[in-house]
Structures are given as structure tokens and as C-alpha cells.
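Quick look at run.cif (mmCIF, C-alpha atoms (C1' of nucleotides)):
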data_query
loop_
_atom_site.label_atom_id
_atom_site.label_comp_id
_atom_site.auth_asym_id
_atom_site.auth_seq_id
_atom_site.Cartn_x
_atom_site.Cartn_y
_atom_site.Cartn_z
CA MET A 1 109.98 35.83 45.75
CA ASP A 2 109.60 33.83 42.60
CA ASP A 3 107.18 35.40 40.17
CA SER A 4 107.22 32.71 37.52
CA ASN A 5 103.62 31.94 38.38
CA LEU A 6 102.62 35.34 37.07
CA LYS A 7 104.18 34.74 33.69
CA LEU A 8 101.70 34.35 30.89
CA GLU A 9 103.25 31.20 29.52
CA ASN A 10 102.82 29.44 32.84
CA GLN A 11 99.15 30.21 33.28
CA ILE A 12 96.61 27.45 32.98
CA CYS A 13 93.79 29.66 31.89
CA PHE A 14 95.38 31.69 29.15
CA PRO A 15 95.93 28.75 26.79
CA ILE A 16 92.32 27.65 27.17
CA TYR A 17 91.05 31.17 26.74
CA SER A 18 93.12 31.65 23.60
CA ALA A 19 92.31 28.24 22.20
CA SER A 20 88.63 28.93 22.64
CA ARG A 21 88.85 32.15 20.67
CA LEU A 22 91.04 30.61 17.97
CA ILE A 23 88.70 27.69 17.49
CA THR A 24 85.66 29.93 17.35
CA LYS A 25 87.53 31.85 14.70
CA ALA A 26 88.20 28.61 12.84
CA TYR A 27 84.47 27.99 12.76
CA LYS A 28 83.65 31.43 11.45
CA PRO A 29 84.09 30.94 7.70
CA PHE A 30 81.85 27.87 7.80
CA LEU A 31 79.23 29.49 10.01
CA ASP A 32 79.25 32.63 7.88
CA GLU A 33 78.05 30.55 4.97
CA ILE A 34 74.87 29.67 6.82
CA GLY A 35 74.57 33.05 8.49
CA LEU A 36 75.07 31.99 12.10
CA THR A 37 77.26 33.11 14.94
CA TYR A 38 78.95 30.49 17.02
CA THR A 39 76.57 30.85 19.95
CA GLN A 40 73.56 30.70 17.66
CA TYR A 41 74.99 27.51 16.20
CA LEU A 42 75.18 26.05 19.72
CA VAL A 43 71.53 26.89 20.38
CA LEU A 44 70.51 25.26 17.12
CA MET A 45 72.46 22.12 17.95
CA VAL A 46 70.37 21.84 21.08
CA LEU A 47 67.15 22.38 19.15
CA TRP A 48 68.08 19.97 16.38
CA GLU A 49 68.15 17.30 19.04
CA THR A 50 64.88 18.11 20.76
CA ASP A 51 62.78 20.38 18.58
CA GLU A 52 60.91 21.85 21.56
CA ILE A 53 62.53 22.91 24.79
CA SER A 54 62.25 25.53 27.54
CA VAL A 55 64.70 28.39 27.88
CA ASN A 56 65.66 26.88 31.18
CA LYS A 57 66.74 23.59 29.62
CA ILE A 58 68.77 25.37 26.96
CA SER A 59 70.42 27.30 29.75
CA GLU A 60 71.39 24.05 31.44
CA LYS A 61 72.75 22.42 28.34
CA LEU A 62 74.84 25.37 27.20
CA MET A 63 75.65 26.61 30.69
CA LEU A 64 74.53 30.07 29.66
CA ASN A 65 72.34 32.25 31.81
CA THR A 66 69.07 33.81 30.70
CA ASN A 67 70.67 37.23 30.56
CA THR A 68 72.72 35.87 27.68
CA LEU A 69 70.04 33.64 26.22
CA SER A 70 67.09 36.04 26.22
CA PRO A 71 68.51 38.55 23.77
CA LEU A 72 70.13 35.74 21.79
CA LEU A 73 66.84 33.89 21.35
CA LYS A 74 65.07 37.12 20.47
CA ARG A 75 67.55 37.78 17.69
CA MET A 76 67.10 34.24 16.46
CA GLU A 77 63.34 34.66 16.51
CA LYS A 78 63.70 37.78 14.41
CA MET A 79 65.83 35.71 12.02
CA GLU A 80 62.86 33.33 11.88
CA LEU A 81 64.93 30.38 13.04
CA LEU A 82 62.71 29.69 16.04
CA LYS A 83 59.50 30.60 17.81
CA ARG A 84 59.07 31.53 21.48
CA THR A 85 55.78 30.84 23.26
CA ARG A 86 54.70 31.12 26.86
CA SER A 87 53.72 27.74 28.21
CA SER A 88 50.07 27.55 29.12
CA GLN A 89 50.81 24.99 31.83
CA ASP A 90 53.27 27.27 33.52
CA GLU A 91 53.07 30.87 32.43
CA ARG A 92 56.59 31.52 33.65
CA CYS A 93 58.16 29.18 31.09
CA VAL A 94 59.00 30.13 27.55
CA ILE A 95 58.98 27.25 25.11
CA VAL A 96 61.36 27.46 22.19
CA GLN A 97 60.53 25.65 18.95
CA LEU A 98 62.30 25.42 15.63
CA THR A 99 60.68 26.94 12.58
CA GLU A 100 60.88 25.22 9.25
CA LYS A 101 63.76 27.52 8.34
CA GLY A 102 65.56 26.56 11.54
CA ARG A 103 65.06 22.88 10.85
CA GLU A 104 66.31 23.21 7.30
CA LEU A 105 69.49 24.89 8.42
CA LYS A 106 70.60 21.54 9.75
CA THR A 107 71.36 20.45 6.21
CA GLY A 108 73.77 23.31 5.75
CA ALA A 109 75.34 22.65 9.13
CA ARG A 110 75.84 18.92 8.72
CA PRO A 111 79.26 19.09 7.03
CA ILE A 112 80.65 21.66 9.47
CA PRO A 113 82.04 19.39 12.21
CA GLU A 114 84.00 17.39 9.70
CA GLN A 115 85.19 20.48 7.86
CA LEU A 116 86.46 21.91 11.11
CA LEU A 117 88.19 18.71 12.07
CA LYS A 118 89.80 18.65 8.65
CA THR A 119 90.98 22.22 9.17
CA LEU A 120 92.57 21.27 12.45
CA LEU A 121 94.19 18.17 11.02
CA ASN A 122 95.49 20.16 8.06
CA GLU A 123 97.23 22.30 10.62
CA ASN A 124 99.06 19.24 11.91
CA ILE A 125 96.94 18.95 14.99
CA LYS A 126 96.77 15.32 15.94
CA LEU A 127 93.37 13.65 16.17
CA SER A 128 94.41 11.81 19.28
CA ASP A 129 95.19 15.14 20.93
CA VAL A 130 91.81 16.51 19.96
CA LEU A 131 90.03 13.54 21.48
CA GLN A 132 92.19 13.53 24.55
CA ILE A 133 91.62 17.19 25.28
CA LYS A 134 87.93 16.82 24.66
CA ASP A 135 87.67 14.09 27.25
CA LEU A 136 89.90 15.74 29.82
CA ILE A 137 88.09 19.03 29.57
CA ASN A 138 84.68 17.42 29.63
CA GLU A 139 85.67 15.96 32.95
CA TRP A 140 86.64 19.40 34.27
CA ILE A 141 83.42 20.90 33.12
CA LYS A 142 81.42 18.33 34.98
CA ILE A 143 83.34 19.11 38.14
CA LEU A 144 83.52 22.88 37.77
CA SER A 145 79.93 23.38 36.74
CA GLU A 146 78.74 21.58 39.83
CA LYS A 147 80.62 23.94 42.14
CA THR A 148 79.72 27.08 40.26
CA ARG A 149 76.08 26.15 40.41
CA ASN A 150 75.07 28.18 43.44
CA THR A 151 76.19 31.45 41.90
CA ASP A 152 74.38 31.23 38.65
CA ILE A 153 75.11 28.34 36.35
CA ALA A 154 72.38 25.97 35.42
CA GLN A 155 71.49 23.17 37.75
CA PRO A 156 72.52 19.72 36.69
CA VAL A 157 69.43 17.72 36.05
CA ASP A 158 69.55 15.48 39.06
CA GLY A 159 69.78 16.96 42.49
CA ASN A 160 72.81 14.86 43.53
CA MET B 1 72.39 10.11 7.52
CA ASP B 2 74.21 10.02 10.81
CA ASP B 3 73.90 13.27 12.71
CA SER B 4 75.96 12.34 15.73
CA ASN B 5 78.53 14.92 14.68
CA LEU B 6 76.00 17.63 15.31
CA LYS B 7 75.43 16.58 18.88
CA LEU B 8 76.73 18.96 21.47
CA GLU B 9 78.53 16.31 23.45
CA ASN B 10 80.56 15.28 20.42
CA GLN B 11 81.78 18.73 19.52
CA ILE B 12 85.42 19.61 19.98
CA CYS B 13 84.83 23.26 20.49
CA PHE B 14 82.05 23.30 23.01
CA PRO B 15 84.10 21.79 25.85
CA ILE B 16 86.88 24.29 25.32
CA TYR B 17 84.46 27.18 25.06
CA SER B 18 82.71 26.12 28.27
CA ALA B 19 85.91 25.40 30.12
CA SER B 20 87.21 28.82 29.21
CA ARG B 21 84.15 30.52 30.66
CA LEU B 22 84.13 28.33 33.76
CA ILE B 23 87.78 28.97 34.49
CA THR B 24 87.37 32.71 33.99
CA LYS B 25 84.55 32.46 36.47
CA ALA B 26 86.81 30.60 38.89
CA TYR B 27 89.24 33.52 38.71
CA LYS B 28 86.58 36.10 39.37
CA PRO B 29 86.45 36.10 43.18
CA PHE B 30 90.23 36.51 43.34
CA LEU B 31 90.35 39.19 40.67
CA ASP B 32 87.45 41.04 42.27
CA GLU B 33 89.59 41.51 45.34
CA ILE B 34 92.11 43.53 43.38
CA GLY B 35 89.48 45.16 41.16
CA LEU B 36 90.49 43.65 37.83
CA THR B 37 88.67 41.85 35.05
CA TYR B 38 90.26 38.79 33.57
CA THR B 39 91.42 40.56 30.43
CA GLN B 40 92.86 43.43 32.43
CA TYR B 41 94.74 40.87 34.50
CA LEU B 42 96.22 39.45 31.30
CA VAL B 43 97.40 42.88 30.19
CA LEU B 44 99.01 43.49 33.56
CA MET B 45 100.80 40.15 33.44
CA VAL B 46 102.39 41.29 30.21
CA LEU B 47 103.36 44.63 31.73
CA TRP B 48 104.71 43.12 34.93
CA GLU B 49 107.21 41.30 32.75
CA THR B 50 108.33 44.22 30.64
CA ASP B 51 107.26 47.51 32.21
CA GLU B 52 107.22 49.33 28.87
CA ILE B 53 105.80 47.94 25.68
CA SER B 54 103.97 48.99 22.52
CA VAL B 55 100.30 48.24 21.95
CA ASN B 56 101.39 46.14 19.03
CA LYS B 57 103.53 43.87 21.20
CA ILE B 58 100.72 43.42 23.71
CA SER B 59 98.47 42.54 20.82
CA GLU B 60 100.90 39.83 19.73
CA LYS B 61 101.36 38.36 23.16
CA LEU B 62 97.67 38.20 24.03
CA MET B 63 96.52 37.54 20.47
CA LEU B 64 94.01 40.35 20.83
CA ASN B 65 93.43 42.94 18.15
CA THR B 66 93.69 46.68 18.68
CA ASN B 67 89.94 47.02 18.42
CA THR B 68 89.81 45.08 21.67
CA LEU B 69 92.93 46.52 23.20
CA SER B 70 92.40 50.22 22.54
CA PRO B 71 89.28 50.63 24.69
CA LEU B 72 90.67 48.18 27.23
CA LEU B 73 93.88 50.16 27.65
CA LYS B 74 91.93 53.40 27.83
CA ARG B 75 89.86 52.05 30.68
CA MET B 76 93.00 50.90 32.43
CA GLU B 77 94.55 54.32 31.97
CA LYS B 78 91.48 55.87 33.57
CA MET B 79 91.96 53.43 36.46
CA GLU B 80 95.49 54.83 36.70
CA LEU B 81 97.09 51.43 36.21
CA LEU B 82 99.07 52.51 33.18
CA LYS B 83 100.10 55.42 30.99
CA ARG B 84 99.85 55.65 27.20
CA THR B 85 102.29 57.83 25.25
CA ARG B 86 102.93 58.30 21.57
CA SER B 87 106.46 57.29 20.72
CA SER B 88 108.54 60.21 19.50
CA GLN B 89 110.63 57.89 17.35
CA ASP B 90 107.59 56.59 15.54
CA GLU B 91 104.47 58.69 15.98
CA ARG B 92 102.27 55.75 15.01
CA CYS B 93 103.24 53.71 18.05
CA VAL B 94 101.66 54.04 21.46
CA ILE B 95 103.91 53.04 24.32
CA VAL B 96 102.24 51.58 27.39
CA GLN B 97 103.91 51.95 30.79
CA LEU B 98 102.89 50.84 34.25
CA THR B 99 102.13 53.48 36.84
CA GLU B 100 103.21 53.00 40.42
CA LYS B 101 99.68 51.79 41.19
CA GLY B 102 99.88 49.25 38.38
CA ARG B 103 103.24 48.02 39.60
CA GLU B 104 102.00 47.69 43.16
CA LEU B 105 99.05 45.58 42.09
CA LYS B 106 101.50 42.77 41.41
CA THR B 107 101.72 42.17 45.12
CA GLY B 108 98.00 41.56 45.35
CA ALA B 109 98.09 39.35 42.27
CA ARG B 110 101.01 37.17 43.33
CA PRO B 111 98.96 34.60 45.28
CA ILE B 112 96.28 34.25 42.59
CA PRO B 113 97.78 31.51 40.38
CA GLU B 114 98.32 29.29 43.37
CA GLN B 115 94.87 30.05 44.79
CA LEU B 116 93.31 29.12 41.51
CA LEU B 117 95.30 25.93 41.22
CA LYS B 118 94.21 25.08 44.74
CA THR B 119 90.62 25.71 43.78
CA LEU B 120 90.95 23.35 40.84
CA LEU B 121 92.67 20.68 42.90
CA ASN B 122 90.04 20.99 45.61
CA GLU B 123 87.56 20.12 42.91
CA ASN B 124 89.39 16.88 42.30
CA ILE B 125 90.97 18.06 39.12
CA LYS B 126 94.27 16.30 38.74
CA LEU B 127 97.41 18.37 38.46
CA SER B 128 98.78 16.07 35.79
CA ASP B 129 95.65 16.77 33.72
CA VAL B 130 96.10 20.49 34.14
CA LEU B 131 99.69 20.33 32.95
CA GLN B 132 98.89 17.96 30.15
CA ILE B 133 96.09 20.11 28.79
CA LYS B 134 98.20 23.22 29.13
CA ASP B 135 100.93 21.69 27.01
CA LEU B 136 98.62 20.17 24.42
CA ILE B 137 96.68 23.37 23.96
CA ASN B 138 99.78 25.51 23.89
CA GLU B 139 100.89 23.41 20.96
CA TRP B 140 97.56 24.04 19.17
CA ILE B 141 97.77 27.72 19.78
CA LYS B 142 101.19 27.91 18.25
CA ILE B 143 99.88 26.13 15.17
CA LEU B 144 96.55 27.91 14.92
CA SER B 145 97.80 31.40 15.61
CA GLU B 146 100.39 31.16 12.89
CA LYS B 147 97.75 30.49 10.29
CA THR B 148 95.38 33.07 11.72
CA ARG B 149 97.86 35.90 11.43
CA ASN B 150 95.79 37.77 8.94
CA THR B 151 92.10 37.22 9.31
CA ASP B 152 90.93 33.68 9.54
CA ILE B 153 92.02 30.15 9.47
CA ALA B 154 90.55 28.37 6.56
CA GLN B 155 88.44 29.14 3.62
CA PRO B 156 85.34 27.00 3.37
CA VAL B 157 86.00 24.24 0.94
CA ASP B 158 83.31 24.29 -1.67
CA GLY B 159 83.14 23.64 -5.30
CA ASN B 160 82.41 26.99 -6.83
"C1'" DT C 1 43.27 31.87 52.20
"C1'" DA C 2 47.05 35.31 53.09
"C1'" DC C 3 51.83 35.89 52.39
"C1'" DA C 4 56.70 34.90 52.13
"C1'" DT C 5 59.65 32.37 49.10
"C1'" DT C 6 61.08 30.29 44.96
"C1'" DT C 7 61.28 29.90 40.05
"C1'" DG C 8 61.68 31.33 35.13
"C1'" DC C 9 62.58 34.80 32.38
"C1'" DA C 10 63.70 39.62 31.16
"C1'" DT C 11 66.16 44.10 31.47
"C1'" DC C 12 70.11 47.05 32.50
"C1'" DG C 13 74.85 48.28 32.67
"C1'" DT C 14 79.56 47.10 31.81
"C1'" DA C 15 83.22 44.82 29.48
"C1'" DC C 16 85.00 42.24 26.23
"C1'" DA C 17 85.76 40.23 21.07
"C1'" DC C 18 86.01 41.14 16.44
"C1'" DG C 19 84.96 42.39 11.35
"C1'" DA C 20 84.97 46.50 8.76
"C1'" DT C 21 86.61 50.80 8.17
"C1'" DA C 22 89.30 55.12 9.02
"C1'" DT C 23 93.51 57.81 9.57
"C1'" DA C 24 97.93 59.45 10.09
"C1'" DA C 25 102.76 58.32 10.08
"C1'" DA C 26 106.44 55.70 8.01
"C1'" DC C 27 108.22 53.33 4.13
"C1'" DG C 28 109.29 51.99 -0.65
"C1'" DC C 29 109.86 52.77 -5.29
"C1'" DT C 30 110.47 55.36 -9.33
"C1'" DA D 1 110.37 64.74 -4.38
"C1'" DG D 2 105.93 62.39 -5.47
"C1'" DC D 3 102.87 58.80 -4.48
"C1'" DG D 4 101.11 54.25 -3.61
"C1'" DT D 5 101.56 50.86 0.11
"C1'" DT D 6 102.24 49.27 4.56
"C1'" DT D 7 101.99 49.82 9.51
"C1'" DA D 8 100.11 51.14 14.15
"C1'" DT D 9 96.37 52.48 16.31
"C1'" DA D 10 91.55 54.00 16.76
"C1'" DT D 11 86.46 54.04 15.92
"C1'" DC D 12 82.03 51.93 14.88
"C1'" DG D 13 78.55 48.45 14.96
"C1'" DT D 14 77.05 43.98 16.41
"C1'" DG D 15 76.97 40.12 19.34
"C1'" DT D 16 77.98 37.81 23.18
"C1'" DA D 17 78.90 37.12 28.60
"C1'" DC D 18 77.49 38.09 33.06
"C1'" DG D 19 76.45 40.42 37.77
"C1'" DA D 20 72.68 42.87 39.62
"C1'" DT D 21 68.12 43.68 39.69
"C1'" DG D 22 63.11 43.42 38.51
"C1'" DC D 23 58.79 41.04 38.03
"C1'" DA D 24 55.09 37.97 37.55
"C1'" DA D 25 53.62 33.22 38.05
"C1'" DA D 26 53.92 29.24 40.92
"C1'" DT D 27 54.68 27.11 45.32
"C1'" DG D 28 55.03 26.36 50.21
"C1'" DT D 29 53.28 27.20 54.68
"C1'" DA D 30 51.00 28.86 58.63
#
I need this file expressed as C-alpha cells, please.
Amino acid sequence: MDDSNLKLENQICFPIYSASRLITKAYKPFLDEIGLTYTQYLVLMVLWETDEISVNKISEKLMLNTNTLSPLLKRMEKMELLKRTRSSQDERCVIVQLTEKGRELKTGARPIPEQLLKTLLNENIKLSDVLQIKDLINEWIKILSEKTRNTDIAQPVDGN
Amino acid sequence: MDDSNLKLENQICFPIYSASRLITKAYKPFLDEIGLTYTQYLVLMVLWETDEISVNKISEKLMLNTNTLSPLLKRMEKMELLKRTRSSQDERCVIVQLTEKGRELKTGARPIPEQLLKTLLNENIKLSDVLQIKDLINEWIKILSEKTRNTDIAQPVDGN
DNA sequence: TACATTTGCATCGTACACGATATAAACGCT
DNA sequence: AGCGTTTATATCGTGTACGATGCAAATGTA
């Protein structure tokens, strides 16, 4: 039988897995400057857009479960980037809010996307490729996250 | 100032990061059947091709450092999938070899790539997209990994 | 109103990733 | 030969990821 399917170079997943780690690594020097990890940066991007949001909603947007988010948010609270409060309407919900320090970090973060893009382009990665992959993969995510939903991933907002 | 760059949906990295996790999750049911994690599966794919290889070479192929590989390989040795021996030629090198059990696992793994592809296609993901992304990203990886050889990709560009 | 079920979050255990650091063997140069 | 450097691997600490499980508040239903 032909085993070419089991060769690393022919896998679909390995390139994406590696690319993800390499790109996170490309972010690191920039994120180090403002003292964030990549995941913390993602959480802040959500908060910079909304300023006040439940853990549940963050979970949906980042497709991360509470068993990842809970400790993450606790660390970020200790870093004084955000505040966590139980909702009085629904005692089960925890509301996450930016602190002043968290809000201010946006200034330091603003140049990062462009710096990263520049890094990629410096490496001879074509902008059109970047955009193309972004769109293709975004389509996958929409499809995959819907099917994975029953196990644990966040629910899409509307109940299809 | 325009902050659209800091929106999650416009990030380059977030889609790849999410896709990587979603695809790993898509593998899980199949890998569970043969008792492997995704990373262990990657290591075995390398070994199924070569049967005897140094930790260093595995590190190159998977782009994983020894601080990830060492514990990983130890766990796999405890699972009796492989054997680790110091090379007598060069006492610094550790040679990794498949055990019979590790070799036999290839049979169980053989259908996985096709099963996964089928899963993706069932989700209306187009094969041409899969192949296209694979090629595009493989190109990136070649470029990015060359620059990353040592520690990181780019120094932050600032004026000091 | 009782009580089973669902929901939102947290905790636990395991397994990566990875920067920093350690260590011994091999190598290079004088 | 002596000694600084490089190389191959390992260890440590921290931070994700995530399945399994726990738990209290909310909800649905008889």
C-alpha cells in the first residue's frame, strides 16, 4: 500500500500548525515590548473593541474555552490590565472590564499589526498571499467551528 | 486614528492560530483510537519514514526545540513506542528508534489522513482550497523558518 | 413550589511550546 | 596538550490548550 499520505510533507495540518507557531514567534519581539503574551494580546483586542464583556462572549470570539480563559483572565487581572466582577443580574456571569492600564496599552499595540506585516513582507512573503490565506482560512473556521460546537467550542451567536 | 488593524477579524495571525487548533481538534477522535496526541503522531510520522534518527534531526523536521522534544520522547519511550540510545560515535547524540509496537502503529494510522480529508470535505471545504493553502503556507514556512533558525524573526524596529 | 436540567464559570490533570539556563562531549586553535 | 567555543541534549519555570469534572445560579416543568 502507498504510504505517501503519512509523509509529513503531504499533511494538511502540519503546515498550518507550524505556520501558527512561526507567526506567533514573529509577534513575540513586539509583544515583549508591551509585556504581553500572544493570547493575552488576543483578549485585549476583544476588550479594546467592547470595553465590557462577559467571559462567555470572549470565549465565543476567541474560540477558547473557560478552562483556558479563567486562568488567563486571572493572570491579566493580577497584571492590572482588567477587572472581573460577578454580574448582579445573573450571578453566574463574570463581567470583564478594562482598567485604565489596559486601555492605555492600546497605544503601544497600535503599530504592531503593521510591524508584523512589514516583517512578513521583508521576508518576501507576498501581500496577496497573506490576504488570500486569511480569507480562505476564515472560511474554514466558520465551517469547522460550527461542527465542533457540540463538543466544546463556543456557540455562534445565532442559533442557525 | 484608525484602529481597524487592531480588530480581531483583520488580523493575519488569528485565523491561522484558530485553524490550527480546530484542525488538531478534528484529528483528535482518530488519534484517540490509536492512543496518540497530535504531536506524538508527528514524531511517529518522522520515524515511520526513517526508523532511526537523532533528536536533532527530529527537531529540524518538526521545527520543535529539544525542550519540547525531550519530555515528549521520554513519554513516548515510556509508552514503548520508541527507544532512546546515546550514540557511541558521538556521546552527545541521542538516537531514537522505533520499537515493534511503534512500527505496528503505522497500520492503525494509515487511514487517518484520508479520514481527516473526508471530514473536511464533508464540511464543504473545497479540496482545491486545502491544496492551495498547503502550498502557500509551505512556502511561508520555508521563508520564516530560515530566518528563525536562532531565536526569533525580527527585532522590533524602534529608534533607540 | 419541588426538582431535574441547563448554563456560566472554575478547578484539576496532562501535554505541549518555548525562553533561559545547564552540562557534558566534541571541536578548534594556539 | 590546554582551553575557549560550539554542539546536542536536558532541565526549569511559565503560559497556554483542553478533556473531565465540579458547582452554584438560573431556568424549565410538572
With a distance threshold of 8 Å and counting all atoms listed in the file, extract the residues of chain C near chain B and express them as a short mmCIF file (atom, residue, chain, number, x, y, z; two decimals) with C-alpha atoms (C1' of nucleotides), keeping the file's coordinate frame.
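This is the output file out.cif:
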data_model
loop_
_atom_site.label_atom_id
_atom_site.label_comp_id
_atom_site.auth_asym_id
_atom_site.auth_seq_id
_atom_site.Cartn_x
_atom_site.Cartn_y
_atom_site.Cartn_z
"C1'" DC C 16 85.00 42.24 26.23
"C1'" DA C 17 85.76 40.23 21.07
"C1'" DC C 18 86.01 41.14 16.44
"C1'" DA C 24 97.93 59.45 10.09
"C1'" DA C 25 102.76 58.32 10.08
"C1'" DA C 26 106.44 55.70 8.01
#
For the PyMOL selection byres ((chain D) within 10 of (chain B)), applied here, can you spell out every residue it catches as a PDB file with C-alpha atoms (C1' of nucleotides), in the coordinates of the input?
ATOM      1  C1'  DT D   7     101.990  49.820   9.510  1.00  0.00           C
ATOM      2  C1'  DA D   8     100.110  51.140  14.150  1.00  0.00           C
ATOM      3  C1'  DT D   9      96.370  52.480  16.310  1.00  0.00           C
ATOM      4  C1'  DA D  10      91.550  54.000  16.760  1.00  0.00           C
ATOM      5  C1'  DT D  11      86.460  54.040  15.920  1.00  0.00           C
ATOM      6  C1'  DC D  12      82.030  51.930  14.880  1.00  0.00           C
ATOM      7  C1'  DA D  17      78.900  37.120  28.600  1.00  0.00           C
ATOM      8  C1'  DC D  18      77.490  38.090  33.060  1.00  0.00           C
TER       9       DC D  18
END
Notebook entry, point to check: What separation in Å, quoted to one decimal, exists between CA of Gly108 in chain B and CA of Gly35 in chain B?
Noted result: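 So the answer is 10.2 Å.
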Notebook entry, point to check: Rounded to one decimal in Å, what is the spacing between CA of Leu131 in chain A and CA of Arg103 in chain A?
Noted result: 28.7 Å
Note to self: Between CA of Leu44 in chain B and CA of Glu77 in chain B, what is the distance in Å, rounded to a tenth?
What the structure shows: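 It comes out at 11.8 Å.
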Item checked: Hits from the PyMOL selection byres ((chain C and resi 6) around 12), listed as a PyMOL selection string -> (chain C and resi 4-5+7-8) or (chain D and resi 25-28)
Output for the residues just chosen: C-alpha atoms (C1' of nucleotides) as a compact mmCIF listing (two decimals), in the coordinates of the input:
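This went into part.txt:
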# COMPACT_ATOMS: atom_id res chain seq x y z
C1' DA C 4 56.70 34.90 52.13
C1' DT C 5 59.65 32.37 49.10
C1' DT C 7 61.28 29.90 40.05
C1' DG C 8 61.68 31.33 35.13
C1' DA D 25 53.62 33.22 38.05
C1' DA D 26 53.92 29.24 40.92
C1' DT D 27 54.68 27.11 45.32
C1' DG D 28 55.03 26.36 50.21
Check: Pick the closest to chain A from B:Ser20, B:Gln132, B:Asn122, B:Thr50: which is it, counting all atoms listed in the file?
Finding: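 Closest to chain A of all the choices is B:Ser20.
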Notebook entry, point to check: Taking only C-alpha atoms into account, which of A:Lys142, A:Pro113, A:Glu80, A:Thr85 comes nearest chain B?
Noted result: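 Checking each candidate against chain B, we get A:Pro113 as the closest.
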Check: Which residues match the PyMOL selection byres ((chain C and resi 28) around 10) in the file above, as a PyMOL selection string?
Finding: (chain C and resi 26-27+29-30) or (chain D and resi 4-6)
Note to self: When you count all atoms listed in the file, which of these residues is closest to chain B: A:Leu36, A:Ile143, A:Val96, A:Leu47?
What the structure shows: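 Of the candidates, the smallest distance to chain B is held by A:Ile143.
Using only C-alpha atoms, the smallest distance between any of B:Ile133, B:Ile141, B:Leu31, B:Leu8 and Ile58 in chain A comes from B:Leu8.
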Note to self: If we count only C-alpha atoms (C1' of nucleotides) and set the cut-off at 9 Å, which residues sit around Leu117 in chain A, ignoring sequence neighbours fewer than 5 positions away in its own chain? Please answer as a list in words.
What the structure shows: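 The contact residues come out as Ile112, Asn122, Leu127 and Val130 of chain A; Ile12 of chain B.
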Notebook entry, point to check: Skipping near chain neighbours, those fewer than 3 positions away, what residues fall within 10 Å of range 20-23 of chain D using all atoms listed in the file, listed as a ChimeraX atom specification?
Noted result: /C:9-13
Keeping C-alpha atoms (C1' of nucleotides) for every residue in the selection just given, could you write it to a file as a compact mmCIF listing (two decimals), keeping the file's coordinate frame?
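As written to disk, result.txt reads:
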# COMPACT_ATOMS: atom_id res chain seq x y z
C1' DC C 9 62.58 34.80 32.38
C1' DA C 10 63.70 39.62 31.16
C1' DT C 11 66.16 44.10 31.47
C1' DC C 12 70.11 47.05 32.50
C1' DG C 13 74.85 48.28 32.67
Check: Can you tell me, as a list of chain:residue names, what residues are no more than 12 Å from Thr107 in chain A when counting all atoms listed in the file, ignoring any on the same chain fewer than 5 positions away?
Finding: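 Here the qualifying residues turn out to be A:Ile34, A:Leu44, A:Met45, A:Trp48, A:Glu100, A:Lys101, A:Gly102, A:Ile112, B:Met1, B:Asp2, B:Asp3, B:Leu6.
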